[in-house]
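Novice: Got a structure here, written out as structure tokens. Questions coming.
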Amino acid sequence: MMPSAPVPATTGPWVAFDLLATMVAVVDRTGRFLYANACYEDVVGVSRRSLLRGSLLDWLLDPMSLQESLESVARHEFATGRFEAQLRRGLLSTSSGQEPLPVHVFVTSMQDGGGHLLVELVEIRQQARQDREERVLDLAQATKELIRNLAHEIKNPLGGIRGAAQLLAMEIEGRDDLAEYTTVIVKEADRLQQLVDRLLAPHRQARVVGDVNIHEVCERVRVLIMSEFPQGLEVVRDYDASLPEFRGDLEQLIQVVLNIVRNAAQALEAQRASGQARILLRTRALRQVTVGKRRWRLALELHIEDNGPGIPEELLDRIFFPLVSGREGGSGLGLTLAQTFVQQHQGTIECESDPGRTVFKILIPLP
């Protein structure tokens with residue numbers, strides 16, 4: 001009996017798989033494609049019409065594990081087959097230059113009476129990133145609650161301390177030797193008050209939402225940084241002009257990019273002295289991305305890269321924590337504020353750093 005023809009990519013009983021955030025294919029026991037969802041098509045970079053002419057086995061560097069799993073599940077020896085594999089990307093007939101993608105592969109029977117098998121492929125890197133995002137969000141929320149409560153507890157007695165010091169200064173007027181101490185108390189109380197206000201600022205400010213062009217944000221920051229560091233620093237722009245505007249808070253996003261770029265410029269002190277300091281602003285569009293357990297058809301990605309000394313390894317996992325700074329005299333609040341504002345735009349911010357290269361990656365969904 002001749003095998004049934006593949007179901008068209010946009011119709012049929014499996015079209016709902018297009019809504020999934022992971023790659024899904026429906027195959028027969030030989031691995032021949034019957035269906036491939038939109039995510040699979042986007043990841044490998046080949047149209048579904050082309051995919052349906054071939055076999056899923058051709059897309060794995062080592063197809064033996066898939067072949068064995070398909071046969072075992074089809075014979076009902078196992079309910080599910082699981083293994084790791086390397087997925088090819090780009091046209092198989094050409095050398096696309098794209099690295100194979102490490103994936104987890106799950107094979108299950110569809111129990112539809114047709115002998116069809118469901119193959120789900122999950123990017124190993126994506127799974128790790130999603131787990132990391134969940135941990136970061138939970139930790140950030142807990143940290144914000146702790147900081148907010150602690151700041152309020154500090155603020156309440158702080159006003160009393162300052163007021164008492166001012167009253168004491170009035171009582172000892174004319175005693176310069178004692179007035180110096182009350183002046184120190186008032187100044188330190190004011191300094192703590194400013195710190196508390198900065199800790200509470202992200203929770204107090206009302207968002208002003210409007211149409212935002214990410215390149216306007218980058219250009220505003222570039223002008224500010226070049227005026228602040230006019231010598232020895234080059235800011236390179238690599239923009240994707242096709243990125244659309246989106247709804248967001250312009251001032252918040254300027255503050256996000258400015259905090260990161262200013263930190264980079266300050267870390268490039270030695271490179272600025274030799275005229276070799278370089279900061280790269282790169283924007284790109286990403287399709288079919290998952291952010292915070294939600295699938296988005298389109299997102300913008302902003303990379304802020306510098307050629308500085310890098311972030312110490314012992315600080316890398318804590319740089320977004322409040323009051324953590326790798327620079328002498330730094331408040332440790334700039335990156336915390338940046339993370340808060342990015343999360344308010346339903347996005348994520350990550351950092352990778354090695355000596356000679358540090359990259360902050362900001363991902364913001366575009367509804």
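Residue numbers start at 1 in each chain; chains themselves are named A, B, ... in the order of the structure tokens; ligands are numbered from 1 in the order shown.
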Assign secondary structure with DSSP using the backbone only, and return the residues of stretch 261-345 of chain A in alpha helix (DSSP H) as a PyMOL selection string.

Specialist: chain A and resi 261-267+269-273+313-316+334-344

Novice: Could the residues in this selection be saved with N, CA and C atoms as a PDB file, in the first residue's frame?

Specialist:
ATOM      1  N   VAL A 261      26.156  51.321  29.061  1.00  0.00           N
ATOM      2  CA  VAL A 261      27.216  51.913  28.238  1.00  0.00           C
ATOM      3  C   VAL A 261      28.170  52.731  29.094  1.00  0.00           C
ATOM      4  N   ARG A 262      27.647  53.461  30.071  1.00  0.00           N
ATOM      5  CA  ARG A 262      28.528  54.254  30.947  1.00  0.00           C
ATOM      6  C   ARG A 262      29.437  53.340  31.760  1.00  0.00           C
ATOM      7  N   ASN A 263      28.884  52.233  32.274  1.00  0.00           N
ATOM      8  CA  ASN A 263      29.724  51.272  32.995  1.00  0.00           C
ATOM      9  C   ASN A 263      30.847  50.759  32.095  1.00  0.00           C
ATOM     10  N   ALA A 264      30.496  50.475  30.835  1.00  0.00           N
ATOM     11  CA  ALA A 264      31.497  49.973  29.897  1.00  0.00           C
ATOM     12  C   ALA A 264      32.577  51.020  29.646  1.00  0.00           C
ATOM     13  N   ALA A 265      32.164  52.258  29.432  1.00  0.00           N
ATOM     14  CA  ALA A 265      33.130  53.331  29.157  1.00  0.00           C
ATOM     15  C   ALA A 265      34.069  53.546  30.346  1.00  0.00           C
ATOM     16  N   GLN A 266      33.517  53.467  31.549  1.00  0.00           N
ATOM     17  CA  GLN A 266      34.359  53.632  32.733  1.00  0.00           C
ATOM     18  C   GLN A 266      35.335  52.468  32.896  1.00  0.00           C
ATOM     19  N   ALA A 267      34.897  51.264  32.522  1.00  0.00           N
ATOM     20  CA  ALA A 267      35.779  50.097  32.618  1.00  0.00           C
ATOM     21  C   ALA A 267      36.874  50.130  31.559  1.00  0.00           C
ATOM     22  N   GLU A 269      39.014  52.398  30.857  1.00  0.00           N
ATOM     23  CA  GLU A 269      39.950  53.492  31.148  1.00  0.00           C
ATOM     24  C   GLU A 269      41.305  53.272  30.476  1.00  0.00           C
ATOM     25  N   ALA A 270      41.861  52.076  30.602  1.00  0.00           N
ATOM     26  CA  ALA A 270      43.170  51.807  30.001  1.00  0.00           C
ATOM     27  C   ALA A 270      43.097  51.856  28.482  1.00  0.00           C
ATOM     28  N   GLN A 271      42.016  51.328  27.922  1.00  0.00           N
ATOM     29  CA  GLN A 271      41.861  51.348  26.464  1.00  0.00           C
ATOM     30  C   GLN A 271      41.646  52.767  25.950  1.00  0.00           C
ATOM     31  N   ARG A 272      40.930  53.591  26.722  1.00  0.00           N
ATOM     32  CA  ARG A 272      40.742  54.985  26.308  1.00  0.00           C
ATOM     33  C   ARG A 272      42.071  55.733  26.292  1.00  0.00           C
ATOM     34  N   ALA A 273      42.927  55.420  27.243  1.00  0.00           N
ATOM     35  CA  ALA A 273      44.227  56.090  27.319  1.00  0.00           C
ATOM     36  C   ALA A 273      45.091  55.780  26.094  1.00  0.00           C
ATOM     37  N   GLU A 313      35.080  36.975  37.415  1.00  0.00           N
ATOM     38  CA  GLU A 313      34.209  35.793  37.401  1.00  0.00           C
ATOM     39  C   GLU A 313      33.380  35.689  38.674  1.00  0.00           C
ATOM     40  N   GLU A 314      33.966  36.093  39.802  1.00  0.00           N
ATOM     41  CA  GLU A 314      33.235  35.975  41.069  1.00  0.00           C
ATOM     42  C   GLU A 314      32.075  36.960  41.168  1.00  0.00           C
ATOM     43  N   LEU A 315      32.062  37.994  40.288  1.00  0.00           N
ATOM     44  CA  LEU A 315      30.976  38.976  40.304  1.00  0.00           C
ATOM     45  C   LEU A 315      29.932  38.719  39.227  1.00  0.00           C
ATOM     46  N   LEU A 316      30.267  37.895  38.239  1.00  0.00           N
ATOM     47  CA  LEU A 316      29.431  37.775  37.052  1.00  0.00           C
ATOM     48  C   LEU A 316      28.012  37.314  37.374  1.00  0.00           C
ATOM     49  N   GLY A 334      23.136  50.712  39.281  1.00  0.00           N
ATOM     50  CA  GLY A 334      22.876  50.967  37.868  1.00  0.00           C
ATOM     51  C   GLY A 334      22.327  49.765  37.132  1.00  0.00           C
ATOM     52  N   LEU A 335      22.953  48.599  37.313  1.00  0.00           N
ATOM     53  CA  LEU A 335      22.490  47.398  36.617  1.00  0.00           C
ATOM     54  C   LEU A 335      21.214  46.852  37.236  1.00  0.00           C
ATOM     55  N   THR A 336      21.048  47.037  38.535  1.00  0.00           N
ATOM     56  CA  THR A 336      19.795  46.631  39.178  1.00  0.00           C
ATOM     57  C   THR A 336      18.628  47.411  38.600  1.00  0.00           C
ATOM     58  N   LEU A 337      18.833  48.708  38.433  1.00  0.00           N
ATOM     59  CA  LEU A 337      17.802  49.567  37.840  1.00  0.00           C
ATOM     60  C   LEU A 337      17.532  49.153  36.393  1.00  0.00           C
ATOM     61  N   ALA A 338      18.611  48.859  35.644  1.00  0.00           N
ATOM     62  CA  ALA A 338      18.444  48.438  34.251  1.00  0.00           C
ATOM     63  C   ALA A 338      17.634  47.152  34.163  1.00  0.00           C
ATOM     64  N   GLN A 339      17.935  46.186  35.018  1.00  0.00           N
ATOM     65  CA  GLN A 339      17.184  44.927  34.993  1.00  0.00           C
ATOM     66  C   GLN A 339      15.711  45.149  35.328  1.00  0.00           C
ATOM     67  N   THR A 340      15.441  46.008  36.305  1.00  0.00           N
ATOM     68  CA  THR A 340      14.060  46.285  36.692  1.00  0.00           C
ATOM     69  C   THR A 340      13.280  46.888  35.529  1.00  0.00           C
ATOM     70  N   PHE A 341      13.877  47.870  34.847  1.00  0.00           N
ATOM     71  CA  PHE A 341      13.186  48.531  33.742  1.00  0.00           C
ATOM     72  C   PHE A 341      12.972  47.580  32.565  1.00  0.00           C
ATOM     73  N   VAL A 342      13.952  46.728  32.270  1.00  0.00           N
ATOM     74  CA  VAL A 342      13.796  45.762  31.178  1.00  0.00           C
ATOM     75  C   VAL A 342      12.689  44.767  31.513  1.00  0.00           C
ATOM     76  N   GLN A 343      12.637  44.301  32.740  1.00  0.00           N
ATOM     77  CA  GLN A 343      11.587  43.366  33.143  1.00  0.00           C
ATOM     78  C   GLN A 343      10.213  44.021  33.076  1.00  0.00           C
ATOM     79  N   GLN A 344      10.133  45.325  33.330  1.00  0.00           N
ATOM     80  CA  GLN A 344       8.857  46.025  33.208  1.00  0.00           C
ATOM     81  C   GLN A 344       8.400  46.100  31.751  1.00  0.00           C
TER      82      GLN A 344
END

Novice: Measuring atom to atom with only C-alpha atoms, identify which of A:Val223, A:Ile279, A:Ala285, A:Leu117 is nearest to A:Gly356.

Specialist: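 The closest residue to A:Gly356 is A:Ile279.
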
Novice: From a DSSP pass on the backbone, collect the residues of stretch 7-59 of chain A flagged as strand (DSSP E or B) and hand them back as a PDB file with C-alpha atoms, in the first residue's frame.

Specialist:
ATOM      1  CA  MET A  23      10.039  22.428  17.124  1.00  0.00           C
ATOM      2  CA  VAL A  24       7.537  19.704  16.275  1.00  0.00           C
ATOM      3  CA  ALA A  25       7.448  17.266  13.380  1.00  0.00           C
ATOM      4  CA  VAL A  26       5.010  14.489  12.518  1.00  0.00           C
ATOM      5  CA  VAL A  27       6.694  11.577  10.712  1.00  0.00           C
ATOM      6  CA  ARG A  32       9.546  10.731   6.377  1.00  0.00           C
ATOM      7  CA  PHE A  33       8.071  14.164   7.093  1.00  0.00           C
ATOM      8  CA  LEU A  34       4.299  14.373   7.202  1.00  0.00           C
ATOM      9  CA  TYR A  35       4.233  17.734   8.936  1.00  0.00           C
ATOM     10  CA  ALA A  36       6.622  20.350  10.390  1.00  0.00           C
ATOM     11  CA  SER A  55      13.092  12.809   5.877  1.00  0.00           C
TER      12      SER A  55
END

Novice: Please list as a PyMOL selection string every residue within 12 Å of A:Glu120, counting only C-alpha atoms and excluding residues in the same chain fewer than 5 positions away.

Specialist: chain A and resi 17+20-27+35-37+39-40+56+66+80-85+103-110

Novice: Could you please take those selected residues and save N, CA and C atoms as a PDB file, in the first residue's frame?

Specialist:
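This is the output file part_9.pdb:
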ATOM      1  N   PHE A  17      -0.067  22.783  16.066  1.00  0.00           N
ATOM      2  CA  PHE A  17       1.331  22.708  16.494  1.00  0.00           C
ATOM      3  C   PHE A  17       2.099  23.982  16.150  1.00  0.00           C
ATOM      4  N   LEU A  20       2.997  26.208  19.123  1.00  0.00           N
ATOM      5  CA  LEU A  20       3.941  25.765  20.140  1.00  0.00           C
ATOM      6  C   LEU A  20       5.271  26.496  20.013  1.00  0.00           C
ATOM      7  N   ALA A  21       5.960  26.607  21.158  1.00  0.00           N
ATOM      8  CA  ALA A  21       7.241  27.321  21.201  1.00  0.00           C
ATOM      9  C   ALA A  21       8.416  26.412  20.871  1.00  0.00           C
ATOM     10  N   THR A  22       8.175  25.121  20.694  1.00  0.00           N
ATOM     11  CA  THR A  22       9.246  24.185  20.390  1.00  0.00           C
ATOM     12  C   THR A  22       9.041  23.613  18.993  1.00  0.00           C
ATOM     13  N   MET A  23      10.102  23.038  18.453  1.00  0.00           N
ATOM     14  CA  MET A  23      10.039  22.428  17.124  1.00  0.00           C
ATOM     15  C   MET A  23       9.290  21.105  17.200  1.00  0.00           C
ATOM     16  N   VAL A  24       8.344  20.915  16.306  1.00  0.00           N
ATOM     17  CA  VAL A  24       7.537  19.704  16.275  1.00  0.00           C
ATOM     18  C   VAL A  24       7.449  19.204  14.841  1.00  0.00           C
ATOM     19  N   ALA A  25       7.623  17.899  14.682  1.00  0.00           N
ATOM     20  CA  ALA A  25       7.448  17.266  13.380  1.00  0.00           C
ATOM     21  C   ALA A  25       6.597  16.018  13.562  1.00  0.00           C
ATOM     22  N   VAL A  26       5.760  15.734  12.574  1.00  0.00           N
ATOM     23  CA  VAL A  26       5.010  14.489  12.518  1.00  0.00           C
ATOM     24  C   VAL A  26       5.611  13.666  11.391  1.00  0.00           C
ATOM     25  N   VAL A  27       6.016  12.424  11.693  1.00  0.00           N
ATOM     26  CA  VAL A  27       6.694  11.577  10.712  1.00  0.00           C
ATOM     27  C   VAL A  27       6.088  10.178  10.738  1.00  0.00           C
ATOM     28  N   TYR A  35       4.578  16.372   8.504  1.00  0.00           N
ATOM     29  CA  TYR A  35       4.233  17.734   8.936  1.00  0.00           C
ATOM     30  C   TYR A  35       5.424  18.306   9.703  1.00  0.00           C
ATOM     31  N   ALA A  36       5.625  19.628   9.605  1.00  0.00           N
ATOM     32  CA  ALA A  36       6.622  20.350  10.390  1.00  0.00           C
ATOM     33  C   ALA A  36       6.005  21.675  10.786  1.00  0.00           C
ATOM     34  N   ASN A  37       6.129  22.054  12.054  1.00  0.00           N
ATOM     35  CA  ASN A  37       5.469  23.285  12.493  1.00  0.00           C
ATOM     36  C   ASN A  37       6.307  24.522  12.167  1.00  0.00           C
ATOM     37  N   CYS A  39       7.780  26.712  14.045  1.00  0.00           N
ATOM     38  CA  CYS A  39       9.025  26.878  14.800  1.00  0.00           C
ATOM     39  C   CYS A  39      10.152  26.072  14.166  1.00  0.00           C
ATOM     40  N   TYR A  40       9.846  24.843  13.754  1.00  0.00           N
ATOM     41  CA  TYR A  40      10.867  24.013  13.094  1.00  0.00           C
ATOM     42  C   TYR A  40      11.348  24.693  11.817  1.00  0.00           C
ATOM     43  N   LEU A  56      13.185  13.436   8.195  1.00  0.00           N
ATOM     44  CA  LEU A  56      13.770  14.058   9.384  1.00  0.00           C
ATOM     45  C   LEU A  56      15.152  13.485   9.671  1.00  0.00           C
ATOM     46  N   LEU A  66      17.693   8.424  16.203  1.00  0.00           N
ATOM     47  CA  LEU A  66      16.312   8.717  15.813  1.00  0.00           C
ATOM     48  C   LEU A  66      15.681   7.511  15.129  1.00  0.00           C
ATOM     49  N   THR A  80       7.980   6.379  25.052  1.00  0.00           N
ATOM     50  CA  THR A  80       8.658   7.597  24.591  1.00  0.00           C
ATOM     51  C   THR A  80      10.132   7.306  24.374  1.00  0.00           C
ATOM     52  N   GLY A  81      10.673   7.837  23.294  1.00  0.00           N
ATOM     53  CA  GLY A  81      12.111   7.781  23.068  1.00  0.00           C
ATOM     54  C   GLY A  81      12.730   9.138  23.346  1.00  0.00           C
ATOM     55  N   ARG A  82      13.848   9.148  24.060  1.00  0.00           N
ATOM     56  CA  ARG A  82      14.502  10.407  24.426  1.00  0.00           C
ATOM     57  C   ARG A  82      15.999  10.288  24.176  1.00  0.00           C
ATOM     58  N   PHE A  83      16.574  11.308  23.577  1.00  0.00           N
ATOM     59  CA  PHE A  83      18.020  11.337  23.363  1.00  0.00           C
ATOM     60  C   PHE A  83      18.435  12.747  22.964  1.00  0.00           C
ATOM     61  N   GLU A  84      19.721  12.991  22.926  1.00  0.00           N
ATOM     62  CA  GLU A  84      20.257  14.268  22.481  1.00  0.00           C
ATOM     63  C   GLU A  84      20.852  14.111  21.087  1.00  0.00           C
ATOM     64  N   ALA A  85      20.778  15.189  20.306  1.00  0.00           N
ATOM     65  CA  ALA A  85      21.253  15.119  18.928  1.00  0.00           C
ATOM     66  C   ALA A  85      21.736  16.490  18.475  1.00  0.00           C
ATOM     67  N   VAL A 103      20.113  19.664  20.505  1.00  0.00           N
ATOM     68  CA  VAL A 103      18.700  19.581  20.875  1.00  0.00           C
ATOM     69  C   VAL A 103      18.434  18.325  21.699  1.00  0.00           C
ATOM     70  N   HIS A 104      17.392  18.410  22.532  1.00  0.00           N
ATOM     71  CA  HIS A 104      16.785  17.238  23.145  1.00  0.00           C
ATOM     72  C   HIS A 104      15.699  16.746  22.191  1.00  0.00           C
ATOM     73  N   VAL A 105      15.647  15.452  21.927  1.00  0.00           N
ATOM     74  CA  VAL A 105      14.658  14.887  21.008  1.00  0.00           C
ATOM     75  C   VAL A 105      13.741  13.945  21.778  1.00  0.00           C
ATOM     76  N   PHE A 106      12.421  14.115  21.590  1.00  0.00           N
ATOM     77  CA  PHE A 106      11.414  13.271  22.233  1.00  0.00           C
ATOM     78  C   PHE A 106      10.534  12.669  21.131  1.00  0.00           C
ATOM     79  N   VAL A 107      10.401  11.361  21.138  1.00  0.00           N
ATOM     80  CA  VAL A 107       9.602  10.658  20.139  1.00  0.00           C
ATOM     81  C   VAL A 107       8.456   9.949  20.844  1.00  0.00           C
ATOM     82  N   THR A 108       7.222  10.227  20.420  1.00  0.00           N
ATOM     83  CA  THR A 108       6.050   9.572  21.003  1.00  0.00           C
ATOM     84  C   THR A 108       5.085   9.173  19.887  1.00  0.00           C
ATOM     85  N   SER A 109       4.266   8.158  20.175  1.00  0.00           N
ATOM     86  CA  SER A 109       3.246   7.729  19.223  1.00  0.00           C
ATOM     87  C   SER A 109       2.021   8.611  19.371  1.00  0.00           C
ATOM     88  N   MET A 110       1.401   8.982  18.266  1.00  0.00           N
ATOM     89  CA  MET A 110       0.245   9.857  18.306  1.00  0.00           C
ATOM     90  C   MET A 110      -1.047   9.097  18.591  1.00  0.00           C
TER      91      MET A 110
END
